[in-house]
Amino acid sequence: MGKRTVFVQLVFFLLASIAARAAATAPANDTLPVAPVANGSQQVELGNSALALMGPWKFRLGSEMAWALPDFKDSGWENLTLQGQGWSESLVDPNEGSDPGWAGHGHRGVWGYGWYRIHLNLQKTAEPVSLLVPVIDTTYSIYWDGQKLGGFGDTAEHKGYVRSSKLFAIPVSLSLPGAHVLAIQVWDQPSQALQLRRQDGGLRGAPLLVAGPLAVKLQELAHRSQILWLISDTAPDLIAGIVGIFTMMLFTLNRARLEYLWIALTLFCFVIPDAALSLSILTSHVTYQTYAISYNMFTSRLLPLFGLLAAIWLVDLQRKRWLVAWLLASWSLFFLISLTVEIELRFALFSNHLLGLYGPISLVALGNFIAILLYVAVAGVLTQGREAWIELSPGLLVFGFFLTILALANMHASITLIISLYTSFLSLIPLSVVTIVLRRFLRQRRDHQRIEAELLQAQAVQALLVPERLPQTPQYQLEGMYLPASQVGGDFYQVLPLPESELIVVLGDVSGKGLQAAMVVSMVVGAVRAIVKETQRPAEILERLNEELTGNLRSGFVTCFCAHVDAAGTVIMANAGHLSPWVNGVEVVMPGALPLGMLAGQKYETGRFHLNNGDMLTIMSDGIVEARRERDGQLYGFDQLATLLLGRPSAEEIARTAQRFGQEDDISVIQIKRIAAPELPFVPMPYLVQI
């Protein structure tokens with residue numbers, strides 16, 4: 001609020017300088033100084049000049065419309081002579097050159113209507129005559145000889161817009177030489193009076209009586225100055241808004257990082273009031289009350305709350321739920337009573353005793369805020385060391401900004417110091433957020449590079465566990481293909497050669513994906529190789545492997561197919577929850593069994609069949625049939641797999657077909673083709689011999 005006031009005062013200073021320069025260059029007989037006369041009115045002679053109406057003014061609290069009439073007797077009213085002209089010659093002290101409001105004249109804490117009246121005696125004028133009214137904090141109406149010239153906002157409905165100087169043209173019929181009365185009705189809203197400032201209420205500077213073409217120049221300058229004021233007022237907060245949007249995008253990418261949400265909401269608290277301010281100036285559809293409410297609610301109330309929540313999350317104290325509950329409980333009561341006072345609901349719902357509660361509740365909330373901030377700072381430093389000060393910087397700066405707003409509201413501190421601190425905090429808060437985000441980005445980049453290096457190492461290890469080249473025998477041609485769904489996968493296969501051209505073939509699928517599944521794969525492959533040294537019976541291999549895995553898996557299970565293939569073409573197999581094998585495009589039906597690692601003591605059945613010359617045994621993981629087309633979600637399924645296998649494709653063709661269809665899981669395929677064997681009588685497939 002302070003920076004806005006400073007700029008408005010600067011505008012008035014510029015306006016007054018133009019008026020003074022015009023008056024100084026006018027002919028001497030066109031201007032006369034203001035001179036009080038015995039009857040309480042002023043003799044005014046205007047040429048092409050402007051004259052500040054310093055007084056004497058008459059003032060009274062009340063709402064009687066009869067007080068606008070020129071013949072009303074106001075001799076019993078308070079006398080008031082303005083000392084300032086409503087603008088400041090200082091860029092840092094907005095009160096220099098301005099008078100206190102009616103609060104500074106013995107009516108502090110009073111809201112409602114007030115009237116100002118001044119008697120003028122126009123001796124000579126250059127038509128037309130206008131009245132330039134300086135900034136008045138709330139709504140007002142202007143009356144000249146009892147006729148309304150206009151106003152600012154709507155005093156009847158208490159609707160005002162963003163404060164600015166305003167020029168009112170006085171009709172020629174009302175500006176003839178003679179006695180005139182200027183009356184100004186002002187409405188002061190409760191939310192302003194509750195701040196108990198000496199500057200609250202009514203006139204704080206002398207209106208200018210302007211004659212001739214100078215009025216048009218002043219009006220043009222006032223309009224341009226207001227647009228310039230809007231740009232200068234909202235530009236600093238625009239930076240905060242841009243950083244806030246960027247931080248919110250980070251939150252949408254990773255919703256688990258709530259600190260980005262709190263930071264974004266903190267920065268948006270700067271922008272929302274500026275949006276209301278811009279709409280009020282540019283469209284005149286958003287009232288000043290809307291802007292004031294948005295400023296007091298977001299910048300003065302929610303901003304410190306979100307800033308402290310961001311600090312709690314940044315130093316990783318959100319797990320202390322009592323801390324967050326303490327903050328929300330204490331601040332919520334303060335926020336609710338502030339909102340009630342701001343939108344003036346207390347007239348309808350509460351008695352005037354609410355005003356007495358506002359101060360104590362505000363002090364309690366501020367005390368809790370300070371206590372929580374100190375606790376967060378100490379706890380953060382103890383856990384994170386000096387690094388915590390960087391993470392705490394947004395919360396600390398927001399708190400400093402909040403204290404600056406309080407100082408501006410009460411005007412008890414040096415204005416120069418307050419404005420300097422205000423500007424510094426406004427600039428440093430977005431900068432601190434950018435610093436934290438960049439530090440976290442660099443840290444995450446380092447972590448990402450480390451994880452990628454670990455994944456590369458895991459890929460190298462898995463390449464040993466899933467060999468690219470399979471052993472070949474004079475009787476069989478073997479081909480394997482493995483396509484992980486991610487950098488490392490949970491599928492595995494092993495083809496272990498035995499004496500006399502026999503083979504042990506193992507193919508399995510670990511539930512899950514990623515590094516955890518890859519670690520289980522390494523354990524399973526190591527166990528398989530050790531078990532095969534002791535037994536080559538598939539059922540025993542699976543049973544012993546099941547004992548090794550049961551109780552050693554944190555979660556999930558392992559499906560596995562195991563087969564013993566001898567040189568004569570006999571295949572003995574056992575299955576632990578895996579897909580059945582296929583021979584020449586026909587599925588070999590096997591009984592169901594539990595996957596490995598789920599239940600200790602599990603027994604597995606054994607099946608047997610024979611491969612003739614040219615027969616193709618295909619063993620696959622479920623990543624083939626579970627491939628899903630993206631455009632309609634259709635599964636590849638067993639029917640399409642059966643059709644594909646009838647064409648006797650290679651292992652790579654099977655895997656690539658499923659991958660193109662829409663790979664969602666790891667894909668592994670082993671094909672064993674019988675290339676030399678005595679011909680046996682043909683037996684239709686599928687078939688299974690139990691042993």
# chains A, B, ... in the order shown; residues from 1 in each chain; ligands from 1
call {"tool": "select_by_dssp", "arguments": {"residues": "region 399-635 of chain A", "states": "strand (DSSP E)", "output": "number ranges by chain"}}
result
A: 476-483, 491-498, 502-510, 558-565, 570-576, 582-583, 586-587, 607-610, 616-620
call {"tool": "write_last_selection", "arguments": {"atoms": "N, CA and C atoms", "output": "compact mmCIF listing (two decimals), in the first residue's frame"}}
result
# COMPACT_ATOMS: atom_id res chain seq x y z
N TYR A 476 20.15 -78.99 -32.11
CA TYR A 476 19.19 -77.89 -31.91
C TYR A 476 19.76 -76.55 -32.37
N GLN A 477 18.85 -75.75 -32.91
CA GLN A 477 19.17 -74.36 -33.24
C GLN A 477 18.39 -73.47 -32.28
N LEU A 478 19.10 -72.64 -31.51
CA LEU A 478 18.47 -71.83 -30.47
C LEU A 478 18.55 -70.35 -30.80
N GLU A 479 17.49 -69.64 -30.46
CA GLU A 479 17.45 -68.19 -30.67
C GLU A 479 16.71 -67.56 -29.49
N GLY A 480 17.24 -66.47 -28.97
CA GLY A 480 16.60 -65.75 -27.87
C GLY A 480 16.47 -64.27 -28.19
N MET A 481 15.43 -63.65 -27.65
CA MET A 481 15.21 -62.21 -27.84
C MET A 481 14.63 -61.63 -26.56
N TYR A 482 15.22 -60.52 -26.12
CA TYR A 482 14.77 -59.87 -24.88
C TYR A 482 14.60 -58.38 -25.11
N LEU A 483 13.40 -57.85 -24.85
CA LEU A 483 13.11 -56.42 -24.99
C LEU A 483 12.54 -55.91 -23.67
N ASP A 491 12.26 -59.71 -16.67
CA ASP A 491 12.28 -61.01 -17.34
C ASP A 491 13.71 -61.57 -17.33
N PHE A 492 13.81 -62.89 -17.42
CA PHE A 492 15.12 -63.52 -17.49
C PHE A 492 14.99 -64.86 -18.22
N TYR A 493 16.08 -65.30 -18.81
CA TYR A 493 16.14 -66.67 -19.33
C TYR A 493 17.59 -67.14 -19.30
N GLN A 494 17.73 -68.43 -19.15
CA GLN A 494 19.03 -69.08 -19.14
C GLN A 494 18.94 -70.39 -19.93
N VAL A 495 19.94 -70.65 -20.75
CA VAL A 495 20.08 -71.94 -21.45
C VAL A 495 21.43 -72.50 -21.02
N LEU A 496 21.37 -73.51 -20.19
CA LEU A 496 22.58 -74.07 -19.59
C LEU A 496 22.91 -75.40 -20.26
N PRO A 497 24.06 -75.53 -20.96
CA PRO A 497 24.42 -76.80 -21.62
C PRO A 497 24.87 -77.84 -20.59
N LEU A 498 24.50 -79.08 -20.86
CA LEU A 498 24.88 -80.21 -20.03
C LEU A 498 25.68 -81.20 -20.88
N GLU A 502 22.83 -82.16 -23.89
CA GLU A 502 21.57 -81.87 -23.22
C GLU A 502 21.54 -80.39 -22.79
N LEU A 503 20.31 -79.89 -22.60
CA LEU A 503 20.12 -78.48 -22.26
C LEU A 503 19.14 -78.33 -21.09
N ILE A 504 19.42 -77.36 -20.22
CA ILE A 504 18.44 -76.89 -19.24
C ILE A 504 18.00 -75.50 -19.68
N VAL A 505 16.70 -75.35 -19.92
CA VAL A 505 16.15 -74.07 -20.38
C VAL A 505 15.25 -73.51 -19.28
N VAL A 506 15.55 -72.29 -18.84
CA VAL A 506 14.76 -71.62 -17.80
C VAL A 506 14.36 -70.24 -18.32
N LEU A 507 13.07 -69.94 -18.23
CA LEU A 507 12.58 -68.62 -18.62
C LEU A 507 11.57 -68.18 -17.56
N GLY A 508 11.71 -66.94 -17.05
CA GLY A 508 10.82 -66.49 -15.99
C GLY A 508 10.53 -65.00 -16.05
N ASP A 509 9.66 -64.57 -15.16
CA ASP A 509 9.20 -63.17 -15.13
C ASP A 509 9.01 -62.78 -13.66
N VAL A 510 9.77 -61.79 -13.22
CA VAL A 510 9.62 -61.25 -11.87
C VAL A 510 8.54 -60.17 -11.89
N VAL A 558 7.52 -64.73 -8.61
CA VAL A 558 8.27 -65.01 -9.83
C VAL A 558 7.58 -66.17 -10.55
N THR A 559 7.18 -65.95 -11.80
CA THR A 559 6.70 -67.07 -12.63
C THR A 559 7.90 -67.64 -13.37
N CYS A 560 7.88 -68.96 -13.59
CA CYS A 560 9.08 -69.58 -14.17
C CYS A 560 8.70 -70.87 -14.91
N PHE A 561 9.31 -71.06 -16.07
CA PHE A 561 9.18 -72.30 -16.85
C PHE A 561 10.56 -72.93 -16.94
N CYS A 562 10.62 -74.25 -16.70
CA CYS A 562 11.90 -74.95 -16.74
C CYS A 562 11.75 -76.23 -17.56
N ALA A 563 12.72 -76.48 -18.43
CA ALA A 563 12.66 -77.68 -19.30
C ALA A 563 14.04 -78.31 -19.41
N HIS A 564 14.03 -79.64 -19.48
CA HIS A 564 15.24 -80.41 -19.76
C HIS A 564 15.07 -81.03 -21.14
N VAL A 565 15.99 -80.70 -22.04
CA VAL A 565 15.93 -81.18 -23.43
C VAL A 565 17.15 -82.06 -23.68
N THR A 570 13.69 -85.48 -26.47
CA THR A 570 12.74 -85.60 -25.36
C THR A 570 12.81 -84.34 -24.51
N VAL A 571 11.64 -83.78 -24.23
CA VAL A 571 11.53 -82.56 -23.42
C VAL A 571 10.77 -82.89 -22.15
N ILE A 572 11.43 -82.69 -21.00
CA ILE A 572 10.77 -82.84 -19.70
C ILE A 572 10.65 -81.44 -19.10
N MET A 573 9.45 -81.07 -18.68
CA MET A 573 9.23 -79.67 -18.30
C MET A 573 8.39 -79.58 -17.04
N ALA A 574 8.52 -78.42 -16.37
CA ALA A 574 7.69 -78.06 -15.21
C ALA A 574 7.41 -76.56 -15.28
N ASN A 575 6.28 -76.17 -14.74
CA ASN A 575 5.85 -74.77 -14.90
C ASN A 575 5.36 -74.23 -13.55
N ALA A 576 5.83 -73.02 -13.19
CA ALA A 576 5.40 -72.35 -11.95
C ALA A 576 4.68 -71.06 -12.32
N TRP A 582 4.76 -73.37 -26.62
CA TRP A 582 4.08 -73.63 -27.88
C TRP A 582 5.00 -74.48 -28.76
N VAL A 583 4.41 -75.46 -29.44
CA VAL A 583 5.15 -76.30 -30.39
C VAL A 583 4.47 -76.20 -31.74
N VAL A 586 1.13 -74.44 -31.74
CA VAL A 586 0.04 -75.00 -30.94
C VAL A 586 0.47 -74.99 -29.48
N GLU A 587 -0.42 -74.52 -28.62
CA GLU A 587 -0.09 -74.42 -27.20
C GLU A 587 -0.09 -75.80 -26.56
N GLY A 607 5.84 -82.72 -16.97
CA GLY A 607 5.27 -83.19 -18.23
C GLY A 607 6.37 -83.56 -19.21
N ARG A 608 6.01 -84.35 -20.23
CA ARG A 608 7.02 -84.83 -21.18
C ARG A 608 6.41 -84.85 -22.59
N PHE A 609 7.19 -84.47 -23.57
CA PHE A 609 6.81 -84.66 -24.97
C PHE A 609 8.08 -84.74 -25.80
N HIS A 610 7.91 -85.00 -27.11
CA HIS A 610 9.06 -85.26 -27.98
C HIS A 610 9.05 -84.27 -29.15
N MET A 616 9.41 -76.82 -33.75
CA MET A 616 9.83 -75.55 -33.15
C MET A 616 9.17 -75.41 -31.78
N LEU A 617 9.99 -75.34 -30.73
CA LEU A 617 9.50 -75.10 -29.37
C LEU A 617 9.69 -73.61 -29.06
N THR A 618 8.59 -72.95 -28.71
CA THR A 618 8.65 -71.51 -28.41
C THR A 618 8.20 -71.28 -26.97
N ILE A 619 9.05 -70.60 -26.20
CA ILE A 619 8.76 -70.26 -24.81
C ILE A 619 8.79 -68.73 -24.70
N MET A 620 7.74 -68.16 -24.10
CA MET A 620 7.60 -66.69 -24.07
C MET A 620 7.17 -66.22 -22.69
call {"tool": "select_by_dssp", "arguments": {"residues": "region 371-577 of chain A", "states": "helix (DSSP H, G or I)", "output": "PyMOL selection string"}}
result
chain A and resi 371-384+387-410+415-465+514-532+538-549
call {"tool": "atom_distance", "arguments": {"atom1": "CA of Gln659 (chain A)", "atom2": "CA of Gln487 (chain A)"}}
result
14.9 Å
call {"tool": "residues_around", "arguments": {"residues": "Tyr116 (chain A)", "least_positions_apart": "5", "cutoff": "6 Å", "atoms": "only C-alpha atoms", "output": "mmCIF file with N, CA and C atoms, in the first residue's frame"}}
result
data_model
loop_
_atom_site.group_PDB
_atom_site.id
_atom_site.type_symbol
_atom_site.label_atom_id
_atom_site.label_comp_id
_atom_site.auth_asym_id
_atom_site.auth_seq_id
_atom_site.Cartn_x
_atom_site.Cartn_y
_atom_site.Cartn_z
ATOM 1 N N LYS A 58 -15.508 24.079 6.900
ATOM 2 C CA LYS A 58 -16.392 23.645 7.976
ATOM 3 C C LYS A 58 -16.550 22.126 7.857
ATOM 4 N N PHE A 59 -16.503 21.426 9.005
ATOM 5 C CA PHE A 59 -16.557 19.963 8.986
ATOM 6 C C PHE A 59 -17.544 19.461 10.026
ATOM 7 N N ALA A 183 -19.465 21.927 -1.276
ATOM 8 C CA ALA A 183 -19.701 20.927 -0.226
ATOM 9 C C ALA A 183 -19.235 19.561 -0.732
ATOM 10 N N ILE A 184 -18.530 18.832 0.116
ATOM 11 C CA ILE A 184 -17.998 17.504 -0.230
ATOM 12 C C ILE A 184 -18.476 16.507 0.813
#
call {"tool": "residues_around", "arguments": {"residues": "Ile118 (chain A)", "least_positions_apart": "6", "cutoff": "8 Å", "atoms": "only C-alpha atoms", "output": "PDB file with C-alpha atoms, in the first residue's frame"}}
result
ATOM      1  CA  SER A  41     -15.918  33.405   2.773  1.00  0.00           C
ATOM      2  CA  GLY A  55      -9.753  27.063   4.009  1.00  0.00           C
ATOM      3  CA  PRO A  56     -11.373  27.946   6.258  1.00  0.00           C
ATOM      4  CA  TRP A  57     -13.443  24.758   5.876  1.00  0.00           C
ATOM      5  CA  LYS A  58     -16.392  23.645   7.976  1.00  0.00           C
ATOM      6  CA  VAL A 181     -20.621  27.084  -1.511  1.00  0.00           C
ATOM      7  CA  LEU A 182     -18.557  23.978  -2.229  1.00  0.00           C
ATOM      8  CA  ALA A 183     -19.701  20.927  -0.226  1.00  0.00           C
TER       9      ALA A 183
END
call {"tool": "residues_around", "arguments": {"residues": "Gln475 (chain A)", "least_positions_apart": "4", "cutoff": "10 Å", "atoms": "only C-alpha atoms", "output": "MDAnalysis selection string"}}
result
chainID A and resid 501:502 566:569 613 672:677
call {"tool": "closest_residue", "arguments": {"among": "A:Asn546, A:Thr247, A:Ser280, A:Ser486", "to": "Leu438 (chain A)", "atoms": "only C-alpha atoms"}}
result
A:Thr247
call {"tool": "atom_distance", "arguments": {"atom1": "CA of Lys73 (chain A)", "atom2": "CA of Leu208 (chain A)"}}
result
24.3 Å
call {"tool": "decode", "arguments": {"residues": "region 549-581 of chain A", "atoms": "C-alpha atoms", "output": "tab-separated table (two decimals), in the first residue's frame"}}
result
chain	number	residue	atom	x	y	z
A	549	LEU	CA	12.66	-67.26	-2.76
A	550	THR	CA	9.88	-67.77	-0.21
A	551	GLY	CA	10.42	-65.25	2.56
A	552	ASN	CA	13.22	-63.44	0.71
A	553	LEU	CA	11.02	-61.36	-1.57
A	554	ARG	CA	9.74	-58.10	-0.08
A	555	SER	CA	6.68	-58.36	-2.25
A	556	GLY	CA	5.54	-60.00	-5.46
A	557	PHE	CA	6.43	-63.34	-6.95
A	558	VAL	CA	8.27	-65.01	-9.83
A	559	THR	CA	6.70	-67.07	-12.63
A	560	CYS	CA	9.08	-69.58	-14.17
A	561	PHE	CA	9.18	-72.30	-16.85
A	562	CYS	CA	11.90	-74.95	-16.74
A	563	ALA	CA	12.66	-77.68	-19.30
A	564	HIS	CA	15.24	-80.41	-19.76
A	565	VAL	CA	15.93	-81.18	-23.43
A	566	ASP	CA	18.07	-84.19	-24.35
A	567	ALA	CA	19.83	-84.97	-27.60
A	568	ALA	CA	17.08	-87.40	-28.69
A	569	GLY	CA	14.41	-84.68	-28.62
A	570	THR	CA	12.74	-85.60	-25.36
A	571	VAL	CA	11.53	-82.56	-23.42
A	572	ILE	CA	10.77	-82.84	-19.70
A	573	MET	CA	9.23	-79.67	-18.30
A	574	ALA	CA	7.69	-78.06	-15.21
A	575	ASN	CA	5.85	-74.77	-14.90
A	576	ALA	CA	5.40	-72.35	-11.95
A	577	GLY	CA	2.60	-70.02	-13.03
A	578	HIS	CA	4.20	-69.13	-16.36
A	579	LEU	CA	2.76	-69.18	-19.86
A	580	SER	CA	2.61	-72.64	-21.43
A	581	PRO	CA	5.09	-73.37	-24.24
